[in-house]
Amino acid sequence: MSGHISPTSTYFAIFGALMVGTALTVAAAFIDFPAQLNFPIALAIAITKATLVVLFFMHVKYSSKLTKLIVGVAVFFLGIMLTLTFSDYLSRGWFTAATRSTSAGAIVSLTPQPQPAPANAPAPNTAPAPNTAPK
Amino acid sequence: MPDGTIAAPDEHAPHQHHPALQHHFQDLEQQHEASTLGMWLFLVTEVMFFGGLILAYSLYRIWYPVAWALGSEELNIYLGGFNTAVLIGSSLTMALAVRSAQTGAPKATVRWLLLTMAFGLTFLVVKFFEYKEKFELHHVPGPNFHFEGPESPHVQIFFSLYFALTGVHALHMIIGFGLLSVIATMAARKRFSPEWYTPVELAGLYWHFVDIVWIFLFPLLYLVDRSHHII
Amino acid sequence: MQTMVVEKPVTYINHAHTVMSWLLTKDHKRIGILYLIVVSTAFALGGIFATLIRMELTTPAGDLLSADVYNRMFTMHGVTMVFFVLVPAVPAVLGNFVMPLMIGAKDVAFPKLNLLSWYVFTIGFCFTIVSMVMGGVDTGWTFYTPYSSQGSESNVLLTGVGVFITGFSSILTGLNFMVTIHRMRAPGMTWFRLPLFIWALYSTSLVMVLGTPVIAITLLMLVLERGLHLGIFDPRLGGDPVLFQHLFWFYSHPAVYIMILPPMGVISEVIACFSRKNVFGYSFVAFSSLAIAVFGFLVWAHHLFVAGISPYSALIFSFLSFAVAIPSAVKTFNWTATLYKGAIWWKTPMMFVFGFLGLFLVGGLTGVFLASLGLDIHLTDTYFVVAHFHYIMVGGAIMGYFAGLHYWWPKMTGRMYNDTLGKLAALLIFVGFNLTFGPQFILGYLGMPRRYHVYPPEFQVLNVLSSAGASILAVGYVLPALYFLYSLKFGAIAGANPWKATGLEWTTQSPPLPENFPTTPIVTEGAYHYSKREIKVA
């Protein structure tokens, strides 16, 4: 049965790289990067570490095209799940007259503003009507 | 065969085969390819399984950045960092165990497997103490949850996801530990050789995956706002 | 002079007789039969719930069942039919039996895992039965939060755990099938010589492997929230109930492709055999199966159009939902082209195929209506939706399943059933089905909401028609049970290839040997080589 046999030095080198990556990610966590870059940086380091594990510890670098395709498919569909779900959450409250918040309870209103009430009518309720159908 | 079909069998060849060859397979190579393909597909299901929790985590991190910062601050970065190093070390020893099996060194295989198990157990013990502390501080979601400040409900969501993510991960580690003990026993009985070491390889793939999950969980849970940009 | 002793041929059925030889079998054929038993039981159970629903809906008032009991009825009907009939029926019953035979293999890649799949499936089913006996669930099969996590007092935990367990059966079967198709094809069986049923099963397995884990984790989160008070969907903590819907439907929409792809594969096989003609556009049909599997993952939020999602996201999902109809249409065109200038052989399997073609067409097209945002606002949660998915699921998937059962029954049992009774059953099912669900399109359009046990009196006529149709449908479904069982003892001996069909499964005896083939077959040509001149049929 053939299978690529990596030299032990490779494994120790990858281990070293992973430990460096861990130290980096901890150090980076304490630095206040501008423009909220902390999360993308942490993710980038984690993805790099994971890639090293996949390619060298799990031997994907030396595996068949099918194995590489399978890894790609898994990442792709995870990406689909995250991306398309966030296409909903991140675009809530766009171009509406109501609050621009995307937190729970955001009100998306396409109804026209209420008309000014006649002089002798009681004060109107100015809260915008929720447009979301109860589910 | 490279295209996945089996070679036309020589039906009259003397029936000699490796004891580990299962009869519905034609030869060890086909069995090995099928087994590794099966394990990879299983790992795909695991990616999607954890992915659902990652989706929930990501959404609420965007919605409640303050609560996420507060909750993350409550986690012990030293224990988390230590556990990360331990798990990466266990991945190294696991890779070396597979290599020992590949090169026909059964005693080394057993040693590396036992070391991997020891690292795994260390991780779980540390996790136990972390959970214990959370319990004592009333950070476990539910009727006994208590957190100071107006973000308390959102912090409860953070801790719900913390326990769901690390709990499911720990469950996978426990299963992995059990798996490794079986493999180590087989290795001790000299069942593996350069000709057939598939179970070690498959256990390795599983163990590395569990390590990869933690590689993501550590920064996502422990390192949200250590620079105090938000709080 | 020596006398010849004619022995009864060894088959996968008669080579071992004990109960344990069945319960501990690793033979994919026996496992297919084991699935047949549980799936048929589930079908009968789901049918009983449907009967009670239609009986209640014959009158506008809530006279037979209270609102609470009615809620439990439609929930358990949905849970049983979706998870224990539609998802496993063609893949686990027919796929398990036929797939290794079709590719010339001795068994699936992981026979012990296959048996485990069946045990996991049956245990999950038992959990659900226990839940039913204890009063069932009333949340709808969709388990929407926060009612399922906070409000409902029914057995959500038990049913949720039951479905969670059953999901692993799906995952393991999908995994097994994919590895088998990749690595265990007979010599010469290249990908483009595979029968289209195999392409369908492969695409289905892709969906099973990628989608099922997501509902597993979703149900786990629901169970943790309900049982351990973790707060992930709880609005009182700032959680989003719609997140549950996103996660739930991320699986449950692709799940409907798990339910329809294998029956589509059956249709390809049966239509070729009974038109005596190769399937038109083989590669188009094959790639359409893959396309449906992949595109099916991109459309789930069309179930959330009125749940409060962003209208911009809804636009994207609406567009993608229109797009996903295209590969299905490609298949339908190719099947129609297969019929053209074919020599139609009117046997029972073909009758189910024709039923499928018409009913799937209606179901699929009405799905496109629902994909349209403006229409969906009016039609969602009405009987239009109910009619749409029953046309696909029952008119499509179950028809395809029955076509497959009737096609491969001789191979599985070595016996022929009574074809006249078979055609009668097909006719009763077709007529009964249309009478049951046709009026529901109108009811939905007129505004009758789903999941209500009472309705305004002006809807009664259509509801009575629907219930009457259901009683005919019931007879149509009971009839095959009777003639199939009868055939086991008294049916004509089928022989290896009663339908003069092409395909490796027909080159071996009926019922097959335990190891499928006496010698490994070698494949030299494509899957379909029908010619009206070559094969004369009675």
# chains A, B, ... in the order shown; residues from 1 in each chain; ligands from 1

$ residues_around --residues "Val461 in chain C" --least-positions-apart "2" --cutoff "10 Å" --atoms "only C-alpha atoms" --output "VMD selection string"
chain C and resid 58 to 60 439 443 457 to 459 463 to 467

$ interface_residues --of "chain B" --to "chain A" --cutoff "6 Å" --atoms "only C-alpha atoms" --output "number ranges by chain"
B: 44, 63, 95, 195, 205, 212, 216, 223, 226-227

$ write_last_selection --atoms "N, CA, C and O atoms" --output "PDB file, in the first residue's frame"
ATOM      1  N   VAL B  44     -16.420  15.886   6.038  1.00  0.00           N
ATOM      2  CA  VAL B  44     -17.263  16.906   5.400  1.00  0.00           C
ATOM      3  C   VAL B  44     -18.531  17.123   6.219  1.00  0.00           C
ATOM      4  O   VAL B  44     -18.940  18.265   6.473  1.00  0.00           O
ATOM      5  N   TRP B  63     -24.255  41.169  16.007  1.00  0.00           N
ATOM      6  CA  TRP B  63     -25.345  41.890  16.653  1.00  0.00           C
ATOM      7  C   TRP B  63     -24.970  42.442  18.020  1.00  0.00           C
ATOM      8  O   TRP B  63     -25.426  43.518  18.413  1.00  0.00           O
ATOM      9  N   ALA B  95       0.484  12.594  14.027  1.00  0.00           N
ATOM     10  CA  ALA B  95       1.111  12.456  12.710  1.00  0.00           C
ATOM     11  C   ALA B  95       2.319  11.522  12.800  1.00  0.00           C
ATOM     12  O   ALA B  95       2.560  10.704  11.897  1.00  0.00           O
ATOM     13  N   GLU B 195       2.119  -2.472   4.946  1.00  0.00           N
ATOM     14  CA  GLU B 195       1.141  -2.946   3.971  1.00  0.00           C
ATOM     15  C   GLU B 195      -0.275  -2.501   4.339  1.00  0.00           C
ATOM     16  O   GLU B 195      -1.098  -2.218   3.480  1.00  0.00           O
ATOM     17  N   LEU B 205      -6.755  11.265  10.692  1.00  0.00           N
ATOM     18  CA  LEU B 205      -7.563  12.277  10.005  1.00  0.00           C
ATOM     19  C   LEU B 205      -8.604  12.848  10.953  1.00  0.00           C
ATOM     20  O   LEU B 205      -8.791  14.064  11.028  1.00  0.00           O
ATOM     21  N   ILE B 212      -8.296  21.053  14.288  1.00  0.00           N
ATOM     22  CA  ILE B 212      -8.617  22.212  13.450  1.00  0.00           C
ATOM     23  C   ILE B 212      -9.807  22.973  14.028  1.00  0.00           C
ATOM     24  O   ILE B 212      -9.817  24.212  14.057  1.00  0.00           O
ATOM     25  N   PHE B 216      -9.858  27.110  15.437  1.00  0.00           N
ATOM     26  CA  PHE B 216     -10.811  28.212  15.211  1.00  0.00           C
ATOM     27  C   PHE B 216     -11.488  28.637  16.499  1.00  0.00           C
ATOM     28  O   PHE B 216     -11.697  29.824  16.741  1.00  0.00           O
ATOM     29  N   LEU B 223     -10.469  35.292  22.342  1.00  0.00           N
ATOM     30  CA  LEU B 223      -9.692  36.467  21.922  1.00  0.00           C
ATOM     31  C   LEU B 223     -10.549  37.526  21.239  1.00  0.00           C
ATOM     32  O   LEU B 223     -10.100  38.200  20.333  1.00  0.00           O
ATOM     33  N   ARG B 226      -9.526  41.406  23.425  1.00  0.00           N
ATOM     34  CA  ARG B 226      -8.479  41.559  24.445  1.00  0.00           C
ATOM     35  C   ARG B 226      -7.795  42.905  24.349  1.00  0.00           C
ATOM     36  O   ARG B 226      -7.130  43.333  25.284  1.00  0.00           O
ATOM     37  N   SER B 227      -7.917  43.595  23.206  1.00  0.00           N
ATOM     38  CA  SER B 227      -7.295  44.909  23.071  1.00  0.00           C
ATOM     39  C   SER B 227      -8.208  46.018  23.580  1.00  0.00           C
ATOM     40  O   SER B 227      -7.865  47.197  23.503  1.00  0.00           O
TER      41      SER B 227
END

$ interface_residues --of "chain C" --to "chain B" --cutoff "7 Å" --atoms "only C-alpha atoms" --output "list of chain:residue names"
C:Lys106, C:Asp107, C:Ala109, C:Leu175, C:Val179, C:His182, C:Arg183, C:Met184, C:Arg185, C:Ala186, C:Pro187, C:Gly188, C:Met189, C:Val209, C:Leu210, C:Pro213, C:Val214, C:Ile217, C:Leu228, C:His229, C:Leu230, C:Gly231, C:Ile232, C:Leu237, C:Gly238, C:Leu247

$ atom_distance --atom1 "CA of Gly135 in chain C" --atom2 "CA of Ile165 in chain C"
19.9 Å

$ select_by_dssp --residues "range 99-219 of chain C" --states "alpha helix (DSSP H)" --output "PyMOL selection string"
chain C and resi 99-103+111-133+156-183+196-219

$ write_last_selection --atoms "C-alpha atoms" --output "mmCIF file, in the first residue's frame"
data_model
loop_
_atom_site.group_PDB
_atom_site.id
_atom_site.type_symbol
_atom_site.label_atom_id
_atom_site.label_comp_id
_atom_site.auth_asym_id
_atom_site.auth_seq_id
_atom_site.Cartn_x
_atom_site.Cartn_y
_atom_site.Cartn_z
ATOM 1 C CA MET C 99 -27.216 -0.004 -6.611
ATOM 2 C CA PRO C 100 -24.401 -2.520 -6.087
ATOM 3 C CA LEU C 101 -26.027 -4.833 -8.640
ATOM 4 C CA MET C 102 -26.229 -2.010 -11.151
ATOM 5 C CA ILE C 103 -22.546 -1.185 -10.888
ATOM 6 C CA PRO C 111 -21.658 -3.262 4.720
ATOM 7 C CA LYS C 112 -21.491 -3.102 8.524
ATOM 8 C CA LEU C 113 -22.075 0.646 8.397
ATOM 9 C CA ASN C 114 -25.043 -0.077 6.154
ATOM 10 C CA LEU C 115 -26.587 -2.310 8.795
ATOM 11 C CA LEU C 116 -25.843 0.328 11.413
ATOM 12 C CA SER C 117 -27.712 2.820 9.234
ATOM 13 C CA TRP C 118 -30.783 0.643 9.399
ATOM 14 C CA TYR C 119 -30.548 0.238 13.185
ATOM 15 C CA VAL C 120 -30.087 3.980 13.666
ATOM 16 C CA PHE C 121 -33.072 4.582 11.415
ATOM 17 C CA THR C 122 -35.259 2.117 13.271
ATOM 18 C CA ILE C 123 -34.215 3.402 16.696
ATOM 19 C CA GLY C 124 -35.019 6.961 15.622
ATOM 20 C CA PHE C 125 -38.378 5.720 14.392
ATOM 21 C CA CYS C 126 -39.016 4.042 17.747
ATOM 22 C CA PHE C 127 -38.249 7.304 19.559
ATOM 23 C CA THR C 128 -40.799 9.015 17.358
ATOM 24 C CA ILE C 129 -43.399 6.309 17.976
ATOM 25 C CA VAL C 130 -42.869 6.623 21.706
ATOM 26 C CA SER C 131 -43.358 10.349 21.328
ATOM 27 C CA MET C 132 -46.573 9.745 19.409
ATOM 28 C CA VAL C 133 -47.892 7.362 22.037
ATOM 29 C CA VAL C 156 -40.624 18.283 21.359
ATOM 30 C CA LEU C 157 -37.531 16.879 23.091
ATOM 31 C CA LEU C 158 -38.411 13.274 22.364
ATOM 32 C CA THR C 159 -39.327 13.850 18.734
ATOM 33 C CA GLY C 160 -36.363 16.166 18.230
ATOM 34 C CA VAL C 161 -34.007 13.520 19.565
ATOM 35 C CA GLY C 162 -35.701 10.883 17.408
ATOM 36 C CA VAL C 163 -35.250 12.884 14.224
ATOM 37 C CA PHE C 164 -31.677 13.809 15.255
ATOM 38 C CA ILE C 165 -30.821 10.122 15.563
ATOM 39 C CA THR C 166 -32.474 9.255 12.252
ATOM 40 C CA GLY C 167 -30.424 11.912 10.503
ATOM 41 C CA PHE C 168 -27.300 9.857 11.078
ATOM 42 C CA SER C 169 -28.853 7.005 9.132
ATOM 43 C CA SER C 170 -29.137 9.358 6.177
ATOM 44 C CA ILE C 171 -25.550 10.554 6.569
ATOM 45 C CA LEU C 172 -24.138 7.044 6.752
ATOM 46 C CA THR C 173 -26.166 5.843 3.755
ATOM 47 C CA GLY C 174 -25.082 8.817 1.670
ATOM 48 C CA LEU C 175 -21.451 8.304 2.630
ATOM 49 C CA ASN C 176 -21.652 4.592 1.832
ATOM 50 C CA PHE C 177 -23.236 5.188 -1.569
ATOM 51 C CA MET C 178 -20.720 7.816 -2.596
ATOM 52 C CA VAL C 179 -17.724 5.656 -1.725
ATOM 53 C CA THR C 180 -19.286 2.630 -3.419
ATOM 54 C CA ILE C 181 -19.952 4.516 -6.634
ATOM 55 C CA HIS C 182 -16.479 6.064 -6.619
ATOM 56 C CA ARG C 183 -14.492 2.951 -5.853
ATOM 57 C CA LEU C 196 -28.954 7.291 -14.632
ATOM 58 C CA PHE C 197 -30.352 5.865 -11.379
ATOM 59 C CA ILE C 198 -26.771 5.787 -10.118
ATOM 60 C CA TRP C 199 -26.191 9.412 -11.080
ATOM 61 C CA ALA C 200 -29.375 10.248 -9.188
ATOM 62 C CA LEU C 201 -28.290 8.287 -6.126
ATOM 63 C CA TYR C 202 -24.861 9.904 -6.202
ATOM 64 C CA SER C 203 -26.353 13.390 -6.363
ATOM 65 C CA THR C 204 -28.745 12.486 -3.555
ATOM 66 C CA SER C 205 -25.862 11.204 -1.453
ATOM 67 C CA LEU C 206 -24.057 14.493 -1.965
ATOM 68 C CA VAL C 207 -27.059 16.315 -0.534
ATOM 69 C CA MET C 208 -27.390 13.850 2.347
ATOM 70 C CA VAL C 209 -23.751 14.291 3.326
ATOM 71 C CA LEU C 210 -23.694 18.079 3.070
ATOM 72 C CA GLY C 211 -27.169 18.937 4.356
ATOM 73 C CA THR C 212 -28.154 16.475 7.060
ATOM 74 C CA PRO C 213 -25.478 17.568 9.561
ATOM 75 C CA VAL C 214 -26.992 21.049 9.574
ATOM 76 C CA ILE C 215 -30.392 19.865 10.709
ATOM 77 C CA ALA C 216 -28.596 17.673 13.213
ATOM 78 C CA ILE C 217 -26.899 20.646 14.826
ATOM 79 C CA THR C 218 -30.100 22.703 14.572
ATOM 80 C CA LEU C 219 -32.124 20.081 16.396
#

$ closest_atom_pairs --of "chain C" --to "chain A" --cutoff "9 Å" --atoms "only C-alpha atoms" --output "Markdown table"
| residue | atom | partner | partner_atom | distance |
| --- | --- | --- | --- | --- |
| C:Tyr144 | CA | A:Lys135 | CA | 8.5 |
| C:Leu210 | CA | A:Phe77 | CA | 7.6 |
| C:Pro235 | CA | A:Ala104 | CA | 8.2 |
| C:Gly238 | CA | A:Ala104 | CA | 6.5 |
| C:Gly239 | CA | A:Ala104 | CA | 7.4 |
| C:Asp240 | CA | A:Ala104 | CA | 6.6 |
| C:Val242 | CA | A:Lys135 | CA | 8.8 |
| C:Leu243 | CA | A:Thr85 | CA | 8.8 |
| C:His246 | CA | A:Thr85 | CA | 7.0 |
| C:Leu247 | CA | A:Met81 | CA | 8.7 |
| C:Phe250 | CA | A:Met81 | CA | 7.4 |
| C:Phe297 | CA | A:Ile80 | CA | 8.1 |
| C:Leu298 | CA | A:Ile80 | CA | 7.5 |
| C:Ala301 | CA | A:Thr85 | CA | 8.3 |
| C:Val306 | CA | A:Ala133 | CA | 6.0 |
| C:Ala307 | CA | A:Lys135 | CA | 5.9 |
| C:Gly308 | CA | A:Thr132 | CA | 4.9 |
| C:Ile309 | CA | A:Asp88 | CA | 5.9 |
| C:Ser310 | CA | A:Arg92 | CA | 4.6 |
| C:Pro311 | CA | A:Arg92 | CA | 7.7 |
| C:Tyr312 | CA | A:Ser91 | CA | 6.8 |
| C:Ser313 | CA | A:Asp88 | CA | 4.9 |
| C:Ala314 | CA | A:Asp88 | CA | 7.6 |
| C:Ile316 | CA | A:Ser87 | CA | 8.7 |
| C:Phe317 | CA | A:Leu84 | CA | 8.7 |

$ decode --residues "range 30-42 of chain A" --atoms "all heavy atoms" --output "PDB file, in the first residue's frame"
ATOM      1  N   PHE A  30      -4.055  41.448  21.557  1.00  0.00           N
ATOM      2  CA  PHE A  30      -3.901  42.544  22.510  1.00  0.00           C
ATOM      3  C   PHE A  30      -3.619  43.866  21.824  1.00  0.00           C
ATOM      4  O   PHE A  30      -3.583  44.904  22.471  1.00  0.00           O
ATOM      5  CB  PHE A  30      -2.785  42.224  23.517  1.00  0.00           C
ATOM      6  CG  PHE A  30      -3.194  41.180  24.510  1.00  0.00           C
ATOM      7  CD1 PHE A  30      -2.893  39.842  24.309  1.00  0.00           C
ATOM      8  CD2 PHE A  30      -3.923  41.529  25.632  1.00  0.00           C
ATOM      9  CE1 PHE A  30      -3.290  38.872  25.222  1.00  0.00           C
ATOM     10  CE2 PHE A  30      -4.327  40.571  26.553  1.00  0.00           C
ATOM     11  CZ  PHE A  30      -4.004  39.234  26.341  1.00  0.00           C
ATOM     12  N   ILE A  31      -3.405  43.838  20.512  1.00  0.00           N
ATOM     13  CA  ILE A  31      -3.131  45.076  19.785  1.00  0.00           C
ATOM     14  C   ILE A  31      -4.439  45.620  19.245  1.00  0.00           C
ATOM     15  O   ILE A  31      -5.234  44.892  18.660  1.00  0.00           O
ATOM     16  CB  ILE A  31      -2.157  44.803  18.617  1.00  0.00           C
ATOM     17  CG1 ILE A  31      -0.863  44.190  19.150  1.00  0.00           C
ATOM     18  CG2 ILE A  31      -1.884  46.081  17.833  1.00  0.00           C
ATOM     19  CD1 ILE A  31       0.052  43.702  18.052  1.00  0.00           C
ATOM     20  N   ASP A  32      -4.639  46.908  19.428  1.00  0.00           N
ATOM     21  CA  ASP A  32      -5.875  47.532  18.956  1.00  0.00           C
ATOM     22  C   ASP A  32      -5.704  47.958  17.505  1.00  0.00           C
ATOM     23  O   ASP A  32      -5.288  49.081  17.222  1.00  0.00           O
ATOM     24  CB  ASP A  32      -6.211  48.722  19.850  1.00  0.00           C
ATOM     25  CG  ASP A  32      -7.596  49.274  19.556  1.00  0.00           C
ATOM     26  OD1 ASP A  32      -8.287  48.720  18.678  1.00  0.00           O
ATOM     27  OD2 ASP A  32      -7.996  50.259  20.199  1.00  0.00           O
ATOM     28  N   PHE A  33      -6.001  47.064  16.592  1.00  0.00           N
ATOM     29  CA  PHE A  33      -5.872  47.397  15.180  1.00  0.00           C
ATOM     30  C   PHE A  33      -6.961  48.366  14.766  1.00  0.00           C
ATOM     31  O   PHE A  33      -8.054  48.344  15.287  1.00  0.00           O
ATOM     32  CB  PHE A  33      -5.944  46.134  14.310  1.00  0.00           C
ATOM     33  CG  PHE A  33      -4.742  45.259  14.407  1.00  0.00           C
ATOM     34  CD1 PHE A  33      -4.799  44.070  15.115  1.00  0.00           C
ATOM     35  CD2 PHE A  33      -3.546  45.626  13.815  1.00  0.00           C
ATOM     36  CE1 PHE A  33      -3.687  43.250  15.217  1.00  0.00           C
ATOM     37  CE2 PHE A  33      -2.433  44.818  13.914  1.00  0.00           C
ATOM     38  CZ  PHE A  33      -2.496  43.623  14.621  1.00  0.00           C
ATOM     39  N   PRO A  34      -6.642  49.237  13.793  1.00  0.00           N
ATOM     40  CA  PRO A  34      -7.691  50.152  13.327  1.00  0.00           C
ATOM     41  C   PRO A  34      -8.750  49.431  12.529  1.00  0.00           C
ATOM     42  O   PRO A  34      -8.542  48.308  12.082  1.00  0.00           O
ATOM     43  CB  PRO A  34      -6.912  51.126  12.419  1.00  0.00           C
ATOM     44  CG  PRO A  34      -5.721  50.360  11.983  1.00  0.00           C
ATOM     45  CD  PRO A  34      -5.365  49.429  13.109  1.00  0.00           C
ATOM     46  N   ALA A  35      -9.868  50.093  12.357  1.00  0.00           N
ATOM     47  CA  ALA A  35     -10.956  49.622  11.482  1.00  0.00           C
ATOM     48  C   ALA A  35     -11.395  48.205  11.795  1.00  0.00           C
ATOM     49  O   ALA A  35     -11.708  47.427  10.900  1.00  0.00           O
ATOM     50  CB  ALA A  35     -10.540  49.735  10.011  1.00  0.00           C
ATOM     51  N   GLN A  36     -11.412  47.863  13.076  1.00  0.00           N
ATOM     52  CA  GLN A  36     -11.907  46.558  13.501  1.00  0.00           C
ATOM     53  C   GLN A  36     -11.266  45.412  12.737  1.00  0.00           C
ATOM     54  O   GLN A  36     -11.932  44.448  12.374  1.00  0.00           O
ATOM     55  CB  GLN A  36     -13.425  46.489  13.325  1.00  0.00           C
ATOM     56  CG  GLN A  36     -14.145  47.472  14.212  1.00  0.00           C
ATOM     57  CD  GLN A  36     -15.639  47.438  13.951  1.00  0.00           C
ATOM     58  OE1 GLN A  36     -16.153  46.531  13.316  1.00  0.00           O
ATOM     59  NE2 GLN A  36     -16.337  48.455  14.436  1.00  0.00           N
ATOM     60  N   LEU A  37      -9.954  45.511  12.532  1.00  0.00           N
ATOM     61  CA  LEU A  37      -9.273  44.449  11.793  1.00  0.00           C
ATOM     62  C   LEU A  37      -8.950  43.239  12.661  1.00  0.00           C
ATOM     63  O   LEU A  37      -8.462  42.243  12.154  1.00  0.00           O
ATOM     64  CB  LEU A  37      -7.964  44.994  11.197  1.00  0.00           C
ATOM     65  CG  LEU A  37      -8.091  45.677   9.840  1.00  0.00           C
ATOM     66  CD1 LEU A  37      -6.742  46.234   9.409  1.00  0.00           C
ATOM     67  CD2 LEU A  37      -8.595  44.704   8.790  1.00  0.00           C
ATOM     68  N   ASN A  38      -9.187  43.340  13.986  1.00  0.00           N
ATOM     69  CA  ASN A  38      -8.793  42.232  14.859  1.00  0.00           C
ATOM     70  C   ASN A  38      -9.416  40.910  14.430  1.00  0.00           C
ATOM     71  O   ASN A  38      -8.738  39.881  14.375  1.00  0.00           O
ATOM     72  CB  ASN A  38      -9.195  42.537  16.303  1.00  0.00           C
ATOM     73  CG  ASN A  38      -8.208  43.445  16.966  1.00  0.00           C
ATOM     74  OD1 ASN A  38      -8.135  44.609  16.644  1.00  0.00           O
ATOM     75  ND2 ASN A  38      -7.401  42.896  17.863  1.00  0.00           N
ATOM     76  N   PHE A  39     -10.734  40.937  14.143  1.00  0.00           N
ATOM     77  CA  PHE A  39     -11.398  39.695  13.801  1.00  0.00           C
ATOM     78  C   PHE A  39     -10.874  39.117  12.484  1.00  0.00           C
ATOM     79  O   PHE A  39     -10.514  37.942  12.426  1.00  0.00           O
ATOM     80  CB  PHE A  39     -12.917  39.919  13.768  1.00  0.00           C
ATOM     81  CG  PHE A  39     -13.731  38.657  13.597  1.00  0.00           C
ATOM     82  CD1 PHE A  39     -13.276  37.435  14.070  1.00  0.00           C
ATOM     83  CD2 PHE A  39     -14.964  38.693  12.963  1.00  0.00           C
ATOM     84  CE1 PHE A  39     -14.012  36.271  13.918  1.00  0.00           C
ATOM     85  CE2 PHE A  39     -15.712  37.540  12.806  1.00  0.00           C
ATOM     86  CZ  PHE A  39     -15.240  36.333  13.279  1.00  0.00           C
ATOM     87  N   PRO A  40     -10.790  39.886  11.405  1.00  0.00           N
ATOM     88  CA  PRO A  40     -10.235  39.311  10.172  1.00  0.00           C
ATOM     89  C   PRO A  40      -8.806  38.792  10.350  1.00  0.00           C
ATOM     90  O   PRO A  40      -8.456  37.752   9.794  1.00  0.00           O
ATOM     91  CB  PRO A  40     -10.262  40.479   9.181  1.00  0.00           C
ATOM     92  CG  PRO A  40     -11.304  41.378   9.696  1.00  0.00           C
ATOM     93  CD  PRO A  40     -11.308  41.230  11.175  1.00  0.00           C
ATOM     94  N   ILE A  41      -7.991  39.511  11.167  1.00  0.00           N
ATOM     95  CA  ILE A  41      -6.612  39.037  11.366  1.00  0.00           C
ATOM     96  C   ILE A  41      -6.617  37.697  12.095  1.00  0.00           C
ATOM     97  O   ILE A  41      -5.903  36.767  11.722  1.00  0.00           O
ATOM     98  CB  ILE A  41      -5.795  40.095  12.126  1.00  0.00           C
ATOM     99  CG1 ILE A  41      -5.534  41.293  11.211  1.00  0.00           C
ATOM    100  CG2 ILE A  41      -4.483  39.510  12.631  1.00  0.00           C
ATOM    101  CD1 ILE A  41      -4.855  42.455  11.897  1.00  0.00           C
ATOM    102  N   ALA A  42      -7.441  37.604  13.141  1.00  0.00           N
ATOM    103  CA  ALA A  42      -7.508  36.341  13.887  1.00  0.00           C
ATOM    104  C   ALA A  42      -7.965  35.207  12.980  1.00  0.00           C
ATOM    105  O   ALA A  42      -7.425  34.095  13.014  1.00  0.00           O
ATOM    106  CB  ALA A  42      -8.459  36.490  15.070  1.00  0.00           C
TER     107      ALA A  42
END
